[in-house]
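Raw contents of final.pdb, PDB, C-alpha atoms, pLDDT in the B column:
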ATOM      1  CA  MET A  75      72.535  30.049 -87.213  1.00 87.00           C
ATOM      2  CA  ILE A  76      69.066  30.455 -85.749  1.00 96.00           C
ATOM      3  CA  PRO A  77      67.033  27.302 -86.333  1.00 97.00           C
ATOM      4  CA  THR A  78      63.432  26.858 -87.385  1.00 98.00           C
ATOM      5  CA  ILE A  79      61.827  24.010 -85.451  1.00 98.00           C
ATOM      6  CA  GLU A  80      58.576  22.414 -86.601  1.00 98.00           C
ATOM      7  CA  THR A  81      56.124  20.585 -84.367  1.00 98.00           C
ATOM      8  CA  ALA A  82      52.706  19.111 -85.098  1.00 97.00           C
ATOM      9  CA  ARG A  83      50.976  22.491 -84.702  1.00 97.00           C
ATOM     10  CA  LEU A  84      53.745  25.061 -84.418  1.00 98.00           C
ATOM     11  CA  ARG A  85      56.760  26.606 -86.057  1.00 98.00           C
ATOM     12  CA  LEU A  86      59.462  28.045 -83.798  1.00 98.00           C
ATOM     13  CA  ARG A  87      61.290  30.701 -85.801  1.00 98.00           C
ATOM     14  CA  ARG A  88      63.684  33.602 -85.436  1.00 97.00           C
ATOM     15  CA  PRO A  89      62.207  36.843 -84.117  1.00 98.00           C
ATOM     16  CA  ALA A  90      61.458  39.575 -86.641  1.00 97.00           C
ATOM     17  CA  LEU A  91      60.928  43.286 -86.110  1.00 97.00           C
ATOM     18  CA  ALA A  92      57.222  42.791 -86.879  1.00 97.00           C
ATOM     19  CA  ASP A  93      57.013  40.601 -83.734  1.00 98.00           C
ATOM     20  CA  PHE A  94      57.972  43.444 -81.403  1.00 98.00           C
ATOM     21  CA  PRO A  95      54.552  45.128 -80.972  1.00 97.00           C
ATOM     22  CA  ALA A  96      52.935  41.976 -79.504  1.00 97.00           C
ATOM     23  CA  PHE A  97      56.063  41.263 -77.425  1.00 97.00           C
ATOM     24  CA  GLU A  98      56.100  44.852 -76.173  1.00 97.00           C
ATOM     25  CA  GLN A  99      52.420  44.693 -75.257  1.00 96.00           C
ATOM     26  CA  ILE A 100      52.812  41.639 -73.018  1.00 96.00           C
ATOM     27  CA  MET A 101      56.055  42.883 -71.443  1.00 97.00           C
ATOM     28  CA  MET A 102      54.412  46.217 -70.554  1.00 97.00           C
ATOM     29  CA  SER A 103      51.328  44.505 -69.086  1.00 95.00           C
ATOM     30  CA  ASP A 104      50.643  42.972 -65.682  1.00 93.00           C
ATOM     31  CA  ARG A 105      51.235  39.561 -67.314  1.00 91.00           C
ATOM     32  CA  ALA A 106      54.969  40.333 -67.163  1.00 93.00           C
ATOM     33  CA  LYS A 107      54.925  40.356 -63.345  1.00 92.00           C
ATOM     34  CA  TYR A 108      56.354  36.822 -63.264  1.00 89.00           C
ATOM     35  CA  MET A 109      59.283  37.954 -65.429  1.00 87.00           C
ATOM     36  CA  GLY A 110      60.319  40.958 -63.353  1.00 87.00           C
ATOM     37  CA  GLY A 111      57.900  43.378 -65.018  1.00 92.00           C
ATOM     38  CA  PRO A 112      55.857  45.085 -66.085  1.00 97.00           C
ATOM     39  CA  PHE A 113      58.510  46.881 -68.128  1.00 97.00           C
ATOM     40  CA  ASP A 114      58.546  50.193 -69.907  1.00 97.00           C
ATOM     41  CA  ARG A 115      59.139  50.343 -73.667  1.00 97.00           C
ATOM     42  CA  TRP A 116      62.924  50.544 -73.208  1.00 97.00           C
ATOM     43  CA  GLY A 117      62.925  47.448 -71.020  1.00 97.00           C
ATOM     44  CA  ALA A 118      60.713  45.505 -73.421  1.00 98.00           C
ATOM     45  CA  TRP A 119      62.977  46.434 -76.331  1.00 98.00           C
ATOM     46  CA  GLY A 120      66.061  45.395 -74.361  1.00 96.00           C
ATOM     47  CA  MET A 121      64.566  41.997 -73.602  1.00 95.00           C
ATOM     48  CA  PHE A 122      63.506  41.527 -77.230  1.00 97.00           C
ATOM     49  CA  CYS A 123      67.030  42.393 -78.398  1.00 97.00           C
ATOM     50  CA  HIS A 124      68.542  40.109 -75.732  1.00 95.00           C
ATOM     51  CA  ASP A 125      66.626  37.175 -77.184  1.00 96.00           C
ATOM     52  CA  ILE A 126      68.097  37.887 -80.623  1.00 97.00           C
ATOM     53  CA  ALA A 127      71.652  38.813 -79.540  1.00 96.00           C
ATOM     54  CA  SER A 128      71.939  35.680 -77.402  1.00 96.00           C
ATOM     55  CA  TRP A 129      72.124  33.627 -80.600  1.00 97.00           C
ATOM     56  CA  ASP A 130      75.450  35.281 -81.481  1.00 96.00           C
ATOM     57  CA  LEU A 131      76.716  35.339 -77.907  1.00 96.00           C
ATOM     58  CA  PHE A 132      75.695  31.867 -76.710  1.00 96.00           C
ATOM     59  CA  GLY A 133      74.383  29.842 -79.669  1.00 96.00           C
ATOM     60  CA  HIS A 134      70.818  29.995 -78.338  1.00 97.00           C
ATOM     61  CA  GLY A 135      68.213  32.652 -77.639  1.00 98.00           C
ATOM     62  CA  GLY A 136      64.536  33.301 -78.297  1.00 98.00           C
ATOM     63  CA  LEU A 137      62.219  31.858 -80.927  1.00 98.00           C
ATOM     64  CA  MET A 138      58.747  33.037 -81.764  1.00 98.00           C
ATOM     65  CA  VAL A 139      55.980  30.438 -81.425  1.00 98.00           C
ATOM     66  CA  VAL A 140      53.819  30.572 -84.540  1.00 98.00           C
ATOM     67  CA  ARG A 141      50.841  28.389 -85.379  1.00 98.00           C
ATOM     68  CA  HIS A 142      50.820  26.855 -88.851  1.00 96.00           C
ATOM     69  CA  ASP A 143      48.119  29.373 -89.843  1.00 97.00           C
ATOM     70  CA  GLY A 144      50.734  32.132 -89.305  1.00 97.00           C
ATOM     71  CA  VAL A 145      49.443  33.505 -85.992  1.00 97.00           C
ATOM     72  CA  CYS A 146      52.233  34.250 -83.497  1.00 98.00           C
ATOM     73  CA  VAL A 147      51.093  32.988 -80.083  1.00 98.00           C
ATOM     74  CA  GLY A 148      54.169  33.677 -77.944  1.00 98.00           C
ATOM     75  CA  GLU A 149      57.842  32.997 -77.448  1.00 98.00           C
ATOM     76  CA  VAL A 150      60.111  30.292 -76.115  1.00 98.00           C
ATOM     77  CA  SER A 151      63.712  30.983 -75.160  1.00 98.00           C
ATOM     78  CA  ILE A 152      66.904  29.631 -73.744  1.00 97.00           C
ATOM     79  CA  ASN A 153      68.358  32.438 -71.658  1.00 95.00           C
ATOM     80  CA  HIS A 154      71.843  32.899 -70.285  1.00 93.00           C
ATOM     81  CA  GLY A 155      74.212  35.691 -69.394  1.00 87.00           C
ATOM     82  CA  PRO A 156      74.893  37.645 -66.235  1.00 87.00           C
ATOM     83  CA  LEU A 157      71.248  37.574 -65.096  1.00 82.00           C
ATOM     84  CA  PHE A 158      70.890  33.784 -65.307  1.00 89.00           C
ATOM     85  CA  PRO A 159      72.993  31.481 -63.095  1.00 92.00           C
ATOM     86  CA  GLU A 160      72.331  28.579 -65.513  1.00 95.00           C
ATOM     87  CA  LYS A 161      70.882  28.204 -68.971  1.00 97.00           C
ATOM     88  CA  GLU A 162      67.149  28.712 -68.565  1.00 97.00           C
ATOM     89  CA  LEU A 163      64.332  27.334 -70.683  1.00 98.00           C
ATOM     90  CA  GLY A 164      61.534  29.901 -70.623  1.00 97.00           C
ATOM     91  CA  TRP A 165      58.209  30.430 -72.356  1.00 97.00           C
ATOM     92  CA  MET A 166      55.387  32.922 -72.536  1.00 96.00           C
ATOM     93  CA  LEU A 167      52.135  32.987 -74.425  1.00 97.00           C
ATOM     94  CA  TYR A 168      50.259  36.031 -75.599  1.00 96.00           C
ATOM     95  CA  HIS A 169      46.806  36.754 -74.217  1.00 93.00           C
ATOM     96  CA  GLY A 170      44.127  34.383 -75.462  1.00 94.00           C
ATOM     97  CA  PHE A 171      46.451  31.515 -76.370  1.00 97.00           C
ATOM     98  CA  GLU A 172      46.827  29.916 -72.932  1.00 95.00           C
ATOM     99  CA  GLY A 173      45.359  26.520 -72.093  1.00 95.00           C
ATOM    100  CA  LYS A 174      45.801  25.022 -75.565  1.00 97.00           C
ATOM    101  CA  GLY A 175      49.073  23.168 -74.983  1.00 97.00           C
ATOM    102  CA  TYR A 176      51.166  25.576 -77.058  1.00 98.00           C
ATOM    103  CA  ALA A 177      53.651  26.335 -74.252  1.00 98.00           C
ATOM    104  CA  THR A 178      54.235  22.646 -73.521  1.00 98.00           C
ATOM    105  CA  GLU A 179      54.605  21.760 -77.211  1.00 98.00           C
ATOM    106  CA  ALA A 180      56.982  24.639 -77.971  1.00 98.00           C
ATOM    107  CA  ALA A 181      59.071  24.237 -74.819  1.00 98.00           C
ATOM    108  CA  ALA A 182      59.436  20.464 -75.354  1.00 98.00           C
ATOM    109  CA  ALA A 183      60.608  20.996 -78.935  1.00 98.00           C
ATOM    110  CA  PHE A 184      63.110  23.709 -77.971  1.00 98.00           C
ATOM    111  CA  ARG A 185      64.344  21.700 -74.975  1.00 98.00           C
ATOM    112  CA  ASP A 186      64.909  18.671 -77.215  1.00 97.00           C
ATOM    113  CA  TRP A 187      66.730  20.843 -79.770  1.00 97.00           C
ATOM    114  CA  ALA A 188      68.975  22.224 -77.003  1.00 97.00           C
ATOM    115  CA  PHE A 189      69.847  18.790 -75.675  1.00 97.00           C
ATOM    116  CA  ALA A 190      70.594  17.409 -79.157  1.00 96.00           C
ATOM    117  CA  THR A 191      72.402  20.453 -80.564  1.00 96.00           C
ATOM    118  CA  LEU A 192      74.072  22.112 -77.579  1.00 96.00           C
ATOM    119  CA  ARG A 193      74.655  18.819 -75.743  1.00 95.00           C
ATOM    120  CA  LEU A 194      73.623  20.365 -72.432  1.00 93.00           C
ATOM    121  CA  PRO A 195      73.292  18.012 -69.454  1.00 94.00           C
ATOM    122  CA  SER A 196      70.320  20.016 -68.141  1.00 97.00           C
ATOM    123  CA  LEU A 197      68.358  23.236 -68.338  1.00 98.00           C
ATOM    124  CA  VAL A 198      66.506  25.037 -65.577  1.00 98.00           C
ATOM    125  CA  SER A 199      63.321  27.083 -65.470  1.00 98.00           C
ATOM    126  CA  TYR A 200      62.954  29.840 -62.850  1.00 96.00           C
ATOM    127  CA  PHE A 201      59.502  30.642 -61.454  1.00 95.00           C
ATOM    128  CA  ASP A 202      57.849  33.066 -59.136  1.00 94.00           C
ATOM    129  CA  PRO A 203      56.019  30.700 -56.727  1.00 95.00           C
ATOM    130  CA  ALA A 204      52.684  32.294 -57.713  1.00 94.00           C
ATOM    131  CA  ASN A 205      53.183  31.399 -61.393  1.00 95.00           C
ATOM    132  CA  THR A 206      51.382  28.079 -61.024  1.00 96.00           C
ATOM    133  CA  ARG A 207      50.395  27.773 -64.691  1.00 95.00           C
ATOM    134  CA  SER A 208      54.013  27.879 -65.873  1.00 96.00           C
ATOM    135  CA  ILE A 209      55.089  25.552 -63.085  1.00 98.00           C
ATOM    136  CA  ALA A 210      52.451  23.093 -64.342  1.00 98.00           C
ATOM    137  CA  VAL A 211      54.011  23.290 -67.830  1.00 98.00           C
ATOM    138  CA  ALA A 212      57.438  22.446 -66.356  1.00 98.00           C
ATOM    139  CA  VAL A 213      55.955  19.449 -64.530  1.00 98.00           C
ATOM    140  CA  ARG A 214      54.251  18.267 -67.758  1.00 97.00           C
ATOM    141  CA  LEU A 215      57.652  18.510 -69.423  1.00 98.00           C
ATOM    142  CA  GLY A 216      59.089  16.177 -66.765  1.00 97.00           C
ATOM    143  CA  ALA A 217      61.128  18.821 -64.921  1.00 98.00           C
ATOM    144  CA  MET A 218      61.801  18.256 -61.246  1.00 98.00           C
ATOM    145  CA  ARG A 219      62.018  20.899 -58.549  1.00 98.00           C
ATOM    146  CA  ASP A 220      65.651  21.584 -57.598  1.00 98.00           C
ATOM    147  CA  ASP A 221      65.858  23.410 -54.270  1.00 97.00           C
ATOM    148  CA  ASP A 222      69.683  23.319 -54.347  1.00 97.00           C
ATOM    149  CA  ALA A 223      70.045  25.152 -57.673  1.00 97.00           C
ATOM    150  CA  PRO A 224      71.315  28.721 -57.798  1.00 94.00           C
ATOM    151  CA  ARG A 225      68.537  31.176 -58.567  1.00 91.00           C
ATOM    152  CA  GLN A 226      68.040  34.645 -59.933  1.00 83.00           C
ATOM    153  CA  ASP A 227      65.957  35.765 -56.980  1.00 88.00           C
ATOM    154  CA  ALA A 228      65.960  34.175 -53.533  1.00 90.00           C
ATOM    155  CA  GLU A 229      62.202  33.535 -53.757  1.00 93.00           C
ATOM    156  CA  ASP A 230      62.345  31.775 -57.149  1.00 94.00           C
ATOM    157  CA  LEU A 231      61.501  28.128 -57.530  1.00 97.00           C
ATOM    158  CA  VAL A 232      63.839  26.230 -59.854  1.00 98.00           C
ATOM    159  CA  TYR A 233      62.756  23.261 -61.952  1.00 98.00           C
ATOM    160  CA  ARG A 234      65.428  21.196 -63.716  1.00 98.00           C
ATOM    161  CA  HIS A 235      65.020  19.559 -67.113  1.00 98.00           C
ATOM    162  CA  HIS A 236      67.463  16.655 -67.558  1.00 97.00           C
ATOM    163  CA  ARG A 237      68.776  15.449 -70.891  1.00 92.00           C
ATOM    164  CA  PRO A 238      67.542  11.925 -71.575  1.00 86.00           C
ATOM    165  CA  VAL A 239      70.271   9.315 -71.355  1.00 77.00           C
TER     166      VAL A 239
END
Final structure tokens representation of the file:
Amino acid sequence: MIPTIETARLRLRRPALADFPAFEQIMMSDRAKYMGGPFDRWGAWGMFCHDIASWDLFGHGGLMVVRHDGVCVGEVSINHGPLFPEKELGWMLYHGFEGKGYATEAAAAFRDWAFATLRLPSLVSYFDPANTRSIAVAVRLGAMRDDDAPRQDAEDLVYRHHRPV
């Protein structure tokens, strides 16, 4: 079952087909460079479908980040599978929605859901070293850099989110 998670300003909900055009736009843009992109349409569609299929495969996946006025501002996800050495907490915001605390609010809520529901001891977030804005979100979330963690790419920085005791 894909949850809906409410925060003070946001609703995290299952992806819908109507969400793909905005997702596709960001994944095909230069903003996707920190996620291995930019991607073509096929790649964007594959990533969108991965976020949905992961719910059946792993019990977690992607959720759309929607303000209470109905505007979708981005996505938060817990990724796993052959491309991710560990379960990864990730986030992205669509153009124009950065700097408002949405990524931190959504990622904190999804992280807390994962710890409570999946009973994970930790999650990681992988970053291109130049992605300083997302690294700052991880630090605000209390994640600590883990130089010993396995990584997707040798150059990635890994930040670990620990389940509260």
- Message: Show me, as number ranges by chain, the residues that have an atom within 9 Å of region 90-105 of chain A when counting all atoms listed in the file, minus same-chain residues fewer than 4 positions from it.
- Response: A: 109, 111-115, 117-119, 121-122, 138, 146, 148-149, 167-169
- CA of Glu162 (chain A) to CA of Met75 (chain A), straight-line distance in Å: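 That distance, rounded to one decimal, is 19.5 Å.
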- Query: Given the file above and the PyMOL selection byres ((chain A and resi 78) around 10), which residues are selected, and can you give them as an MDAnalysis selection string?
  - Reply: chainID A and resid 75:77 79:80 85:88 137:138 184
- Message: Let me make sure I understand: among A:Gly120, A:Gly136, A:Pro159, A:Gly173, which one has the smallest atom-to-atom distance to Ser208 (chain A) if we use all atoms listed in the file?
- Response: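 Answer, going by the shortest atom-to-atom distance: A:Gly173.
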- Message: Residues near Ser128 (chain A), anyone? I mean within 10 Å using all atoms listed in the file, not counting same-chain ones fewer than 4 positions away, as a VMD selection string.
- Response: chain A and resid 123 to 124 132 to 136 151 to 155
- Message: Just checking: using only C-alpha atoms, which residue out of A:Gly164, A:Pro89, A:Pro238, A:Gly110 ends up closest to Arg193 (chain A)?
- Response: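 Smallest distance to Arg193 (chain A) is found for A:Pro238.
Shortest separation to Asp230 (chain A) among A:Phe171, A:Tyr108, A:Tyr200, A:Tyr176 occurs at residue A:Tyr200, atoms counted being all atoms listed in the file.
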- Counting all atoms listed in the file, the residue of A:Pro203, A:His142, A:Val198, A:Ala212 that sits nearest Arg225 (chain A): A:Val198
- Message: I'd like the contact shell of Ala181 (chain A) - 7 Å cut-off, all atoms listed in the file, skipping same-chain residues fewer than 3 positions apart - returned as an MDAnalysis selection string.
- Response: chainID A and resid 150 165 177:178 184:185
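One finds CA of Asp125 (chain A) at 24.6 Å from CA of Gly216 (chain A).
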Give me, as a Markdown table, each residue of region 120-191 of chain A that comes within 9 Å of region 233-237 of chain A, together with its shortest interatomic pair and the distance in Å at one decimal, counting all atoms listed in the file, with rows ordered by chain and rising residue number.
| residue | atom | partner | partner_atom | distance |
| --- | --- | --- | --- | --- |
| A:Leu163 | CA | A:His235 | CA | 8.6 |
| A:Arg185 | CA | A:His235 | CA | 8.2 |
| A:Asp186 | CA | A:Arg237 | CA | 8.1 |
| A:Phe189 | CA | A:Arg237 | CA | 5.9 |
| A:Ala190 | CA | A:Arg237 | CA | 8.7 |
- A:Ala106, A:Leu192, A:Ala183, A:Val147 ranked by distance to Gly170 (chain A), top pick (using all atoms listed in the file):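 Distance minimum relative to Gly170 (chain A) lands on A:Val147.
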- Task: Point out the residue among A:Leu157, A:Ala188, A:Ala204, A:Ile209 with the least atom-to-atom distance to Gln226 (chain A), counting only C-alpha atoms.
- Result: A:Leu157
- Item | CA of Arg83 (chain A) to CA of Glu172 (chain A), straight-line distance in Å |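 Separating CA of Glu172 (chain A) from CA of Arg83 (chain A) is a distance of 14.5 Å.
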Taking all atoms of region 75-85 of chain A that the file lists, what box with edges along x, y and z, padded by 6 Å per side, do you get, with centre and edge lengths in Å to one decimal, as lines of an AutoDock Vina configuration file?
center_x = 61.8
center_y = 24.8
center_z = -85.9
size_x = 33.6
size_y = 23.3
size_z = 15.0
Since the input is missing atoms for region 217-236 of chain A, could you rebuild it with N, CA, C and O atoms and give the result as a CSV table (one decimal), in the frame of the given file?
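Contents of result-v9.csv, as written:
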chain,number,residue,atom,x,y,z
A,217,ALA,N,60.1,18.1,-65.8
A,217,ALA,CA,61.1,18.8,-64.9
A,217,ALA,C,60.8,18.5,-63.4
A,217,ALA,O,59.7,18.4,-63.1
A,218,MET,N,61.9,18.5,-62.7
A,218,MET,CA,61.8,18.3,-61.2
A,218,MET,C,62.3,19.5,-60.5
A,218,MET,O,63.3,20.1,-60.9
A,219,ARG,N,61.6,19.8,-59.4
A,219,ARG,CA,62.0,20.9,-58.5
A,219,ARG,C,63.4,20.6,-58.0
A,219,ARG,O,63.7,19.5,-57.5
A,220,ASP,N,64.3,21.7,-58.1
A,220,ASP,CA,65.7,21.6,-57.6
A,220,ASP,C,65.9,22.7,-56.6
A,220,ASP,O,66.3,23.8,-57.0
A,221,ASP,N,65.7,22.4,-55.3
A,221,ASP,CA,65.9,23.4,-54.3
A,221,ASP,C,67.3,23.8,-54.0
A,221,ASP,O,67.6,24.8,-53.3
A,222,ASP,N,68.3,23.0,-54.6
A,222,ASP,CA,69.7,23.3,-54.3
A,222,ASP,C,70.3,24.2,-55.5
A,222,ASP,O,71.5,24.5,-55.4
A,223,ALA,N,69.5,24.4,-56.5
A,223,ALA,CA,70.0,25.2,-57.7
A,223,ALA,C,70.2,26.6,-57.4
A,223,ALA,O,69.4,27.2,-56.6
A,224,PRO,N,71.2,27.3,-57.9
A,224,PRO,CA,71.3,28.7,-57.8
A,224,PRO,C,70.1,29.4,-58.5
A,224,PRO,O,69.6,28.8,-59.4
A,225,ARG,N,69.7,30.5,-58.0
A,225,ARG,CA,68.5,31.2,-58.6
A,225,ARG,C,68.8,32.7,-58.8
A,225,ARG,O,69.7,33.2,-58.2
A,226,GLN,N,68.0,33.2,-59.6
A,226,GLN,CA,68.0,34.6,-59.9
A,226,GLN,C,67.6,35.5,-58.7
A,226,GLN,O,68.3,36.4,-58.3
A,227,ASP,N,66.5,35.1,-58.2
A,227,ASP,CA,66.0,35.8,-57.0
A,227,ASP,C,65.8,34.7,-55.9
A,227,ASP,O,65.4,33.6,-56.2
A,228,ALA,N,66.0,35.1,-54.7
A,228,ALA,CA,66.0,34.2,-53.5
A,228,ALA,C,64.6,33.5,-53.4
A,228,ALA,O,64.5,32.3,-53.0
A,229,GLU,N,63.5,34.1,-53.9
A,229,GLU,CA,62.2,33.5,-53.8
A,229,GLU,C,61.9,32.6,-54.9
A,229,GLU,O,60.8,31.9,-54.9
A,230,ASP,N,62.6,32.6,-56.0
A,230,ASP,CA,62.3,31.8,-57.1
A,230,ASP,C,62.3,30.3,-56.8
A,230,ASP,O,63.1,29.8,-55.9
A,231,LEU,N,61.4,29.6,-57.5
A,231,LEU,CA,61.5,28.1,-57.5
A,231,LEU,C,62.3,27.7,-58.8
A,231,LEU,O,62.1,28.4,-59.8
A,232,VAL,N,63.1,26.7,-58.7
A,232,VAL,CA,63.8,26.2,-59.9
A,232,VAL,C,63.4,24.8,-60.2
A,232,VAL,O,63.3,23.9,-59.3
A,233,TYR,N,63.1,24.6,-61.4
A,233,TYR,CA,62.8,23.3,-62.0
A,233,TYR,C,63.8,22.9,-63.0
A,233,TYR,O,64.2,23.7,-63.8
A,234,ARG,N,64.3,21.7,-62.9
A,234,ARG,CA,65.4,21.2,-63.7
A,234,ARG,C,64.9,20.2,-64.7
A,234,ARG,O,64.2,19.2,-64.4
A,235,HIS,N,65.3,20.5,-66.0
A,235,HIS,CA,65.0,19.6,-67.1
A,235,HIS,C,66.3,18.8,-67.4
A,235,HIS,O,67.3,19.4,-67.7
A,236,HIS,N,66.3,17.5,-67.3
A,236,HIS,CA,67.5,16.7,-67.6
A,236,HIS,C,67.4,16.1,-69.0
A,236,HIS,O,66.4,15.7,-69.5
